[in-house]
$ cat structure14.txt   # compact mmCIF, N, CA and C atoms
# COMPACT_ATOMS: atom_id res chain seq x y z
N MET U 1 32.66 36.67 -35.45
CA MET U 1 31.23 36.47 -35.60
C MET U 1 30.76 35.24 -34.84
N VAL U 2 31.57 34.20 -34.81
CA VAL U 2 31.15 32.99 -34.11
C VAL U 2 31.02 33.26 -32.62
N LEU U 3 31.89 34.05 -32.07
CA LEU U 3 31.82 34.33 -30.65
C LEU U 3 30.69 35.29 -30.31
N SER U 4 30.62 36.40 -31.02
CA SER U 4 29.69 37.46 -30.64
C SER U 4 28.34 37.38 -31.33
N ARG U 5 28.30 36.82 -32.53
CA ARG U 5 27.08 36.71 -33.32
C ARG U 5 26.53 38.06 -33.75
N LYS U 6 27.33 39.10 -33.71
CA LYS U 6 26.88 40.44 -34.09
C LYS U 6 28.06 41.18 -34.72
N HIS U 7 27.82 41.75 -35.91
CA HIS U 7 28.92 42.36 -36.66
C HIS U 7 29.65 43.47 -35.89
N ASP U 8 28.92 44.40 -35.30
CA ASP U 8 29.59 45.51 -34.63
C ASP U 8 30.39 45.04 -33.43
N VAL U 9 29.88 44.07 -32.71
CA VAL U 9 30.63 43.52 -31.56
C VAL U 9 31.87 42.78 -32.06
N ALA U 10 31.72 42.03 -33.16
CA ALA U 10 32.88 41.31 -33.73
C ALA U 10 33.94 42.30 -34.20
N ASP U 11 33.51 43.39 -34.84
CA ASP U 11 34.46 44.41 -35.28
C ASP U 11 35.22 45.02 -34.10
N ASP U 12 34.48 45.33 -33.03
CA ASP U 12 35.12 45.88 -31.83
C ASP U 12 36.10 44.88 -31.22
N LEU U 13 35.73 43.62 -31.23
CA LEU U 13 36.59 42.57 -30.69
C LEU U 13 37.88 42.46 -31.49
N VAL U 14 37.77 42.51 -32.80
CA VAL U 14 38.97 42.44 -33.66
C VAL U 14 39.83 43.68 -33.44
N GLN U 15 39.20 44.85 -33.34
CA GLN U 15 39.97 46.08 -33.11
C GLN U 15 40.70 46.03 -31.77
N SER U 16 40.03 45.57 -30.73
CA SER U 16 40.67 45.45 -29.42
C SER U 16 41.82 44.46 -29.47
N THR U 17 41.63 43.38 -30.21
CA THR U 17 42.70 42.39 -30.37
C THR U 17 43.90 43.00 -31.05
N CYS U 18 43.67 43.76 -32.11
CA CYS U 18 44.77 44.41 -32.84
C CYS U 18 45.52 45.39 -31.95
N VAL U 19 44.78 46.17 -31.19
CA VAL U 19 45.41 47.14 -30.29
C VAL U 19 46.28 46.43 -29.26
N ARG U 20 45.73 45.40 -28.63
CA ARG U 20 46.49 44.67 -27.62
C ARG U 20 47.70 43.97 -28.24
N ALA U 21 47.54 43.43 -29.44
CA ALA U 21 48.66 42.76 -30.12
C ALA U 21 49.77 43.76 -30.44
N LEU U 22 49.40 44.95 -30.89
CA LEU U 22 50.43 45.97 -31.17
C LEU U 22 51.14 46.41 -29.90
N GLU U 23 50.38 46.52 -28.81
CA GLU U 23 50.97 46.90 -27.53
C GLU U 23 51.95 45.84 -27.03
N ARG U 24 51.71 44.59 -27.37
CA ARG U 24 52.51 43.48 -26.84
C ARG U 24 53.29 42.73 -27.93
N CYS U 25 53.56 43.39 -29.03
CA CYS U 25 54.22 42.72 -30.15
C CYS U 25 55.61 42.19 -29.78
N ALA U 26 56.22 42.73 -28.75
CA ALA U 26 57.53 42.25 -28.33
C ALA U 26 57.45 40.82 -27.77
N GLN U 27 56.26 40.36 -27.43
CA GLN U 27 56.09 39.01 -26.89
C GLN U 27 56.22 37.93 -27.95
N VAL U 28 56.08 38.30 -29.21
CA VAL U 28 56.12 37.31 -30.29
C VAL U 28 57.57 37.05 -30.66
N ALA U 29 57.99 35.82 -30.41
CA ALA U 29 59.37 35.44 -30.72
C ALA U 29 59.45 34.77 -32.09
N ASP U 30 58.40 34.01 -32.43
CA ASP U 30 58.39 33.23 -33.67
C ASP U 30 57.15 33.59 -34.46
N SER U 31 57.33 34.07 -35.68
CA SER U 31 56.19 34.54 -36.47
C SER U 31 55.28 33.42 -36.94
N THR U 32 55.69 32.17 -36.82
CA THR U 32 54.84 31.06 -37.26
C THR U 32 53.65 30.84 -36.35
N GLY U 33 53.71 31.31 -35.12
CA GLY U 33 52.62 31.11 -34.17
C GLY U 33 51.78 32.35 -33.95
N VAL U 34 51.85 33.31 -34.84
CA VAL U 34 51.14 34.57 -34.66
C VAL U 34 49.63 34.36 -34.65
N ASP U 35 49.13 33.50 -35.52
CA ASP U 35 47.68 33.28 -35.56
C ASP U 35 47.17 32.73 -34.23
N ARG U 36 47.88 31.78 -33.64
CA ARG U 36 47.48 31.23 -32.34
C ARG U 36 47.57 32.30 -31.25
N TRP U 37 48.61 33.11 -31.31
CA TRP U 37 48.80 34.18 -30.34
C TRP U 37 47.64 35.19 -30.45
N LEU U 38 47.27 35.56 -31.67
CA LEU U 38 46.18 36.51 -31.87
C LEU U 38 44.84 35.92 -31.39
N PHE U 39 44.61 34.65 -31.67
CA PHE U 39 43.37 34.03 -31.20
C PHE U 39 43.35 33.94 -29.68
N SER U 40 44.49 33.73 -29.07
CA SER U 40 44.54 33.71 -27.60
C SER U 40 44.16 35.07 -27.04
N ILE U 41 44.68 36.12 -27.66
CA ILE U 41 44.33 37.48 -27.23
C ILE U 41 42.84 37.72 -27.42
N LEU U 42 42.34 37.37 -28.61
CA LEU U 42 40.94 37.57 -28.93
C LEU U 42 40.04 36.83 -27.93
N HIS U 43 40.38 35.59 -27.66
CA HIS U 43 39.57 34.80 -26.72
C HIS U 43 39.62 35.39 -25.32
N SER U 44 40.77 35.85 -24.90
CA SER U 44 40.91 36.45 -23.58
C SER U 44 40.05 37.71 -23.46
N ILE U 45 40.09 38.54 -24.49
CA ILE U 45 39.27 39.76 -24.48
C ILE U 45 37.80 39.39 -24.45
N TRP U 46 37.41 38.39 -25.22
CA TRP U 46 36.01 37.97 -25.26
C TRP U 46 35.54 37.46 -23.90
N VAL U 47 36.34 36.62 -23.26
CA VAL U 47 35.96 36.09 -21.95
C VAL U 47 35.83 37.24 -20.95
N ASN U 48 36.75 38.19 -20.99
CA ASN U 48 36.66 39.34 -20.09
C ASN U 48 35.40 40.15 -20.36
N GLU U 49 35.03 40.30 -21.64
CA GLU U 49 33.81 41.03 -21.98
C GLU U 49 32.58 40.30 -21.47
N LEU U 50 32.56 38.97 -21.59
CA LEU U 50 31.42 38.20 -21.08
C LEU U 50 31.29 38.36 -19.57
N ARG U 51 32.41 38.34 -18.88
CA ARG U 51 32.37 38.54 -17.42
C ARG U 51 31.80 39.91 -17.09
N ALA U 52 32.23 40.93 -17.84
CA ALA U 52 31.72 42.27 -17.61
C ALA U 52 30.23 42.34 -17.91
N GLN U 53 29.77 41.63 -18.96
CA GLN U 53 28.35 41.60 -19.29
C GLN U 53 27.54 40.99 -18.14
N HIS U 54 28.05 39.94 -17.55
CA HIS U 54 27.34 39.30 -16.44
C HIS U 54 27.24 40.26 -15.25
N VAL U 55 28.26 41.07 -15.05
CA VAL U 55 28.22 42.02 -13.96
C VAL U 55 27.17 43.09 -14.25
N ARG U 56 27.13 43.57 -15.48
CA ARG U 56 26.18 44.63 -15.83
C ARG U 56 24.75 44.12 -15.97
N GLN U 57 24.57 42.83 -16.24
CA GLN U 57 23.24 42.18 -16.37
C GLN U 57 22.30 42.99 -17.25
N GLY U 58 21.76 42.29 -18.20
CA GLY U 58 20.74 42.91 -19.02
C GLY U 58 21.22 43.41 -20.36
N GLN U 59 22.52 43.42 -20.62
CA GLN U 59 23.01 43.86 -21.91
C GLN U 59 23.58 42.66 -22.64
N GLY U 60 22.72 41.92 -23.30
CA GLY U 60 23.14 40.71 -23.98
C GLY U 60 23.35 40.94 -25.45
N PHE U 61 23.55 39.87 -26.16
CA PHE U 61 23.75 39.91 -27.59
C PHE U 61 22.51 39.37 -28.29
N VAL U 62 22.43 39.53 -29.58
CA VAL U 62 21.27 39.10 -30.34
C VAL U 62 21.20 37.58 -30.42
N ASP U 63 19.99 37.09 -30.74
CA ASP U 63 19.80 35.67 -30.95
C ASP U 63 20.57 35.20 -32.16
N ALA U 64 20.90 33.93 -32.18
CA ALA U 64 21.61 33.36 -33.32
C ALA U 64 20.80 33.49 -34.60
N GLY U 65 19.48 33.49 -34.51
CA GLY U 65 18.62 33.61 -35.68
C GLY U 65 18.72 34.95 -36.36
N GLU U 66 19.27 35.95 -35.68
CA GLU U 66 19.38 37.28 -36.26
C GLU U 66 20.71 37.51 -36.96
N THR U 67 21.56 36.52 -37.03
CA THR U 67 22.83 36.69 -37.72
C THR U 67 22.59 36.78 -39.21
N ASP U 68 23.53 37.37 -39.92
CA ASP U 68 23.37 37.59 -41.35
C ASP U 68 23.31 36.28 -42.11
N ALA U 69 22.57 36.28 -43.19
CA ALA U 69 22.48 35.13 -44.08
C ALA U 69 23.73 35.09 -44.94
N PRO U 70 24.03 33.94 -45.56
CA PRO U 70 25.19 33.85 -46.43
C PRO U 70 25.05 34.73 -47.67
N ALA U 71 26.11 34.84 -48.41
CA ALA U 71 26.17 35.72 -49.58
C ALA U 71 25.06 35.40 -50.58
N ASP U 72 24.63 36.43 -51.29
CA ASP U 72 23.56 36.30 -52.27
C ASP U 72 23.97 35.46 -53.48
N THR U 73 25.24 35.16 -53.62
CA THR U 73 25.70 34.38 -54.77
C THR U 73 25.34 32.90 -54.64
N LEU U 74 24.91 32.47 -53.47
CA LEU U 74 24.55 31.08 -53.26
C LEU U 74 23.12 30.83 -53.74
N SER U 75 22.85 29.60 -54.13
CA SER U 75 21.50 29.22 -54.53
C SER U 75 20.60 29.18 -53.30
N PHE U 76 19.30 29.10 -53.54
CA PHE U 76 18.34 29.03 -52.45
C PHE U 76 18.63 27.83 -51.55
N GLU U 77 18.90 26.68 -52.16
CA GLU U 77 19.16 25.46 -51.39
C GLU U 77 20.43 25.61 -50.54
N GLU U 78 21.46 26.21 -51.14
CA GLU U 78 22.71 26.40 -50.40
C GLU U 78 22.52 27.38 -49.24
N ARG U 79 21.77 28.46 -49.46
CA ARG U 79 21.50 29.42 -48.38
C ARG U 79 20.69 28.75 -47.26
N HIS U 80 19.70 27.96 -47.66
CA HIS U 80 18.86 27.26 -46.67
C HIS U 80 19.71 26.28 -45.85
N TRP U 81 20.54 25.51 -46.52
CA TRP U 81 21.42 24.56 -45.83
C TRP U 81 22.37 25.30 -44.90
N HIS U 82 22.97 26.39 -45.38
CA HIS U 82 23.90 27.18 -44.57
C HIS U 82 23.21 27.71 -43.32
N THR U 83 22.01 28.23 -43.49
CA THR U 83 21.26 28.77 -42.35
C THR U 83 20.96 27.68 -41.33
N GLN U 84 20.56 26.50 -41.81
CA GLN U 84 20.27 25.40 -40.90
C GLN U 84 21.51 24.97 -40.12
N VAL U 85 22.63 24.85 -40.82
CA VAL U 85 23.88 24.44 -40.16
C VAL U 85 24.29 25.48 -39.12
N MET U 86 24.24 26.76 -39.49
CA MET U 86 24.65 27.81 -38.55
C MET U 86 23.72 27.86 -37.34
N GLN U 87 22.43 27.63 -37.54
CA GLN U 87 21.52 27.61 -36.40
C GLN U 87 21.86 26.46 -35.46
N ARG U 88 22.18 25.31 -36.01
CA ARG U 88 22.54 24.16 -35.18
C ARG U 88 23.85 24.41 -34.44
N VAL U 89 24.83 24.95 -35.13
CA VAL U 89 26.13 25.23 -34.49
C VAL U 89 25.95 26.30 -33.41
N ASN U 90 25.15 27.32 -33.67
CA ASN U 90 24.93 28.38 -32.69
C ASN U 90 24.19 27.90 -31.46
N ARG U 91 23.46 26.80 -31.56
CA ARG U 91 22.77 26.24 -30.39
C ARG U 91 23.71 25.44 -29.49
N LEU U 92 24.89 25.12 -29.99
CA LEU U 92 25.86 24.39 -29.17
C LEU U 92 26.29 25.24 -27.99
N PRO U 93 26.68 24.61 -26.88
CA PRO U 93 27.26 25.38 -25.77
C PRO U 93 28.50 26.14 -26.26
N GLU U 94 28.78 27.26 -25.64
CA GLU U 94 29.87 28.12 -26.10
C GLU U 94 31.20 27.39 -26.21
N ALA U 95 31.53 26.55 -25.24
CA ALA U 95 32.81 25.84 -25.27
C ALA U 95 32.90 24.94 -26.50
N GLN U 96 31.81 24.24 -26.82
CA GLN U 96 31.82 23.38 -28.00
C GLN U 96 31.87 24.21 -29.28
N ARG U 97 31.10 25.30 -29.30
CA ARG U 97 31.08 26.18 -30.47
C ARG U 97 32.47 26.75 -30.75
N ASN U 98 33.18 27.16 -29.71
CA ASN U 98 34.53 27.70 -29.89
C ASN U 98 35.48 26.63 -30.42
N ALA U 99 35.38 25.42 -29.92
CA ALA U 99 36.24 24.33 -30.40
C ALA U 99 35.94 24.03 -31.86
N VAL U 100 34.66 23.98 -32.22
CA VAL U 100 34.27 23.73 -33.61
C VAL U 100 34.84 24.83 -34.51
N PHE U 101 34.70 26.06 -34.09
CA PHE U 101 35.20 27.19 -34.88
C PHE U 101 36.71 27.10 -35.10
N LEU U 102 37.46 26.89 -34.03
CA LEU U 102 38.92 26.87 -34.15
C LEU U 102 39.42 25.70 -35.00
N VAL U 103 38.86 24.51 -34.78
CA VAL U 103 39.36 23.32 -35.47
C VAL U 103 38.80 23.20 -36.89
N TYR U 104 37.48 23.33 -37.03
CA TYR U 104 36.87 23.06 -38.33
C TYR U 104 36.81 24.26 -39.26
N VAL U 105 36.75 25.46 -38.70
CA VAL U 105 36.69 26.66 -39.55
C VAL U 105 38.08 27.24 -39.75
N GLU U 106 38.81 27.43 -38.66
CA GLU U 106 40.13 28.05 -38.75
C GLU U 106 41.24 27.06 -39.08
N GLY U 107 40.97 25.77 -38.93
CA GLY U 107 41.95 24.76 -39.30
C GLY U 107 43.05 24.53 -38.26
N PHE U 108 42.80 24.92 -37.02
CA PHE U 108 43.78 24.69 -35.97
C PHE U 108 43.86 23.19 -35.68
N THR U 109 45.03 22.75 -35.25
CA THR U 109 45.16 21.39 -34.75
C THR U 109 44.52 21.35 -33.36
N TYR U 110 44.31 20.15 -32.85
CA TYR U 110 43.75 20.04 -31.49
C TYR U 110 44.66 20.74 -30.49
N GLN U 111 45.94 20.56 -30.65
CA GLN U 111 46.90 21.17 -29.72
C GLN U 111 46.88 22.69 -29.81
N GLU U 112 46.81 23.23 -31.02
CA GLU U 112 46.76 24.68 -31.20
C GLU U 112 45.48 25.26 -30.60
N ALA U 113 44.36 24.58 -30.84
CA ALA U 113 43.09 25.04 -30.26
C ALA U 113 43.14 24.97 -28.74
N ALA U 114 43.75 23.91 -28.22
CA ALA U 114 43.88 23.77 -26.76
C ALA U 114 44.71 24.89 -26.17
N MET U 115 45.80 25.22 -26.83
CA MET U 115 46.65 26.32 -26.35
C MET U 115 45.90 27.65 -26.42
N THR U 116 45.15 27.86 -27.48
CA THR U 116 44.40 29.10 -27.65
C THR U 116 43.35 29.27 -26.56
N LEU U 117 42.66 28.18 -26.23
CA LEU U 117 41.59 28.25 -25.24
C LEU U 117 42.07 27.93 -23.82
N SER U 118 43.36 27.65 -23.68
CA SER U 118 43.96 27.34 -22.37
C SER U 118 43.29 26.14 -21.70
N VAL U 119 43.11 25.08 -22.48
CA VAL U 119 42.56 23.83 -21.96
C VAL U 119 43.42 22.68 -22.49
N PRO U 120 43.33 21.49 -21.90
CA PRO U 120 44.08 20.34 -22.42
C PRO U 120 43.54 19.92 -23.80
N ALA U 121 44.40 19.31 -24.60
CA ALA U 121 44.00 18.84 -25.94
C ALA U 121 42.86 17.82 -25.84
N GLY U 122 42.86 17.01 -24.80
CA GLY U 122 41.78 16.05 -24.61
C GLY U 122 40.42 16.72 -24.43
N THR U 123 40.43 17.89 -23.83
CA THR U 123 39.19 18.64 -23.65
C THR U 123 38.65 19.09 -25.00
N ILE U 124 39.55 19.52 -25.88
CA ILE U 124 39.14 19.91 -27.24
C ILE U 124 38.53 18.71 -27.94
N MET U 125 39.18 17.57 -27.84
CA MET U 125 38.67 16.35 -28.48
C MET U 125 37.29 15.99 -27.93
N SER U 126 37.10 16.09 -26.62
CA SER U 126 35.81 15.79 -26.01
C SER U 126 34.73 16.76 -26.46
N ARG U 127 35.08 18.05 -26.51
CA ARG U 127 34.11 19.06 -26.94
C ARG U 127 33.70 18.84 -28.39
N LEU U 128 34.67 18.49 -29.24
CA LEU U 128 34.35 18.25 -30.64
C LEU U 128 33.49 17.00 -30.80
N ALA U 129 33.79 15.96 -30.04
CA ALA U 129 33.00 14.73 -30.10
C ALA U 129 31.56 15.01 -29.66
N ALA U 130 31.41 15.76 -28.60
CA ALA U 130 30.07 16.11 -28.11
C ALA U 130 29.33 16.97 -29.13
N ALA U 131 30.04 17.91 -29.74
CA ALA U 131 29.43 18.78 -30.75
C ALA U 131 28.99 17.97 -31.96
N ARG U 132 29.85 17.06 -32.43
CA ARG U 132 29.49 16.22 -33.58
C ARG U 132 28.27 15.37 -33.26
N LEU U 133 28.22 14.81 -32.05
CA LEU U 133 27.08 13.98 -31.66
C LEU U 133 25.79 14.80 -31.64
N THR U 134 25.85 15.98 -31.06
CA THR U 134 24.68 16.86 -31.01
C THR U 134 24.23 17.26 -32.40
N LEU U 135 25.19 17.64 -33.25
CA LEU U 135 24.84 18.05 -34.62
C LEU U 135 24.27 16.89 -35.42
N ALA U 136 24.81 15.70 -35.21
CA ALA U 136 24.29 14.52 -35.92
C ALA U 136 22.86 14.21 -35.46
N LYS U 137 22.60 14.32 -34.16
CA LYS U 137 21.25 14.09 -33.65
C LYS U 137 20.29 15.13 -34.21
N ASP U 138 20.73 16.41 -34.24
CA ASP U 138 19.90 17.48 -34.79
C ASP U 138 19.59 17.22 -36.26
N ALA U 139 20.60 16.80 -37.01
CA ALA U 139 20.41 16.54 -38.44
C ALA U 139 19.49 15.35 -38.64
N GLY U 140 19.63 14.31 -37.81
CA GLY U 140 18.76 13.15 -37.90
C GLY U 140 17.32 13.49 -37.56
N ALA U 141 17.14 14.33 -36.55
CA ALA U 141 15.79 14.74 -36.16
C ALA U 141 15.14 15.60 -37.24
N ALA U 142 15.94 16.37 -37.94
CA ALA U 142 15.41 17.25 -38.98
C ALA U 142 14.94 16.46 -40.19
N THR U 143 15.53 15.28 -40.43
CA THR U 143 15.15 14.49 -41.60
C THR U 143 14.08 13.46 -41.28
N GLN U 144 13.77 13.23 -40.00
CA GLN U 144 12.74 12.28 -39.59
C GLN U 144 11.37 12.87 -39.87
N PRO U 145 10.42 12.09 -40.40
CA PRO U 145 9.07 12.61 -40.58
C PRO U 145 8.43 12.83 -39.22
N GLN U 146 7.63 13.86 -39.11
CA GLN U 146 6.94 14.17 -37.86
C GLN U 146 5.84 13.15 -37.63
N GLN U 147 5.46 12.93 -36.37
CA GLN U 147 4.39 11.98 -36.06
C GLN U 147 3.11 12.44 -36.74
N GLY U 148 2.42 11.48 -37.30
CA GLY U 148 1.17 11.80 -37.97
C GLY U 148 1.33 12.12 -39.44
N GLU U 149 2.58 12.30 -39.92
CA GLU U 149 2.80 12.58 -41.34
C GLU U 149 2.71 11.28 -42.12
N ASN U 150 2.19 11.36 -43.32
CA ASN U 150 2.14 10.19 -44.20
C ASN U 150 3.48 10.04 -44.88
N LYS U 151 3.88 8.78 -45.05
CA LYS U 151 5.16 8.52 -45.70
C LYS U 151 4.97 8.39 -47.18
$ encode --input "structure14.txt" --output "structure tokens"
Amino acid sequence: MVLSRKHDVADDLVQSTCVRALERCAQVADSTGVDRWLFSILHSIWVNELRAQHVRQGQGFVDAGETDAPADTLSFEERHWHTQVMQRVNRLPEAQRNAVFLVYVEGFTYQEAAMTLSVPAGTIMSRLAAARLTLAKDAGAATQPQQGENK
């Protein structure tokens, strides 16, 4: 969902990942790294799909604002907070969003995320730092009173 922002596309992406993983299961030597291996496959398929989308031009994905809201079991305040956070994260550049997802949501180490995205660990650290800075600025701007408002 973080990559595609659309349920049916995410489902197709997971299905393609499973098919490719089953086709190449002989490549897995150590079962402890299966999650990283699967995310590498998933990311590779996603990047290839994005390249194909650019070639076809005009077939994009939905806006981040159209993603599903959190579960109905949350309070109004929790749903509102969740929606605000997801909107801010979805506005991040894709590279930063992917790093945030792998490290903060999936719990990957910097090195594992770097291996998954085929970038140096320092790049992951830089992307996360930039994402945190952007999110902090967004959060600060959201709590600042607008010009002309009475305090």
$ closest_residue --input "structure14.txt" --among "U:Trp81, U:Trp46, U:Phe101, U:Phe108" --to "Ser4 of chain U" --atoms "only C-alpha atoms"
U:Trp46
$ closest_residue --input "structure14.txt" --among "U:Leu135, U:Ala113, U:Val28, U:Ala21" --to "Arg88 of chain U" --atoms "all atoms listed in the file"
U:Leu135
$ closest_residue --input "structure14.txt" --among "U:Pro120, U:Arg97, U:Asp35, U:Gln87" --to "Asp138 of chain U" --atoms "only C-alpha atoms"
U:Gln87
$ residues_around --input "structure14.txt" --residues "Ser16 of chain U" --least-positions-apart "6" --cutoff "8 Å" --atoms "all atoms listed in the file" --output "JSON, numbers by chain"
{"U": [10, 22, 41, 42, 45]}
$ residues_near_point --input "structure14.txt" --point "(32.9, 15.3, -32.8)" --cutoff "12 Å" --atoms "only C-alpha atoms" --output "list of chain:residue names"
U:Gln96, U:Arg97, U:Ala99, U:Val100, U:Val103, U:Tyr104, U:Tyr110, U:Thr123, U:Ile124, U:Met125, U:Ser126, U:Arg127, U:Leu128, U:Ala129, U:Ala130, U:Ala131, U:Arg132, U:Leu133, U:Thr134, U:Leu135, U:Ala136, U:Lys137
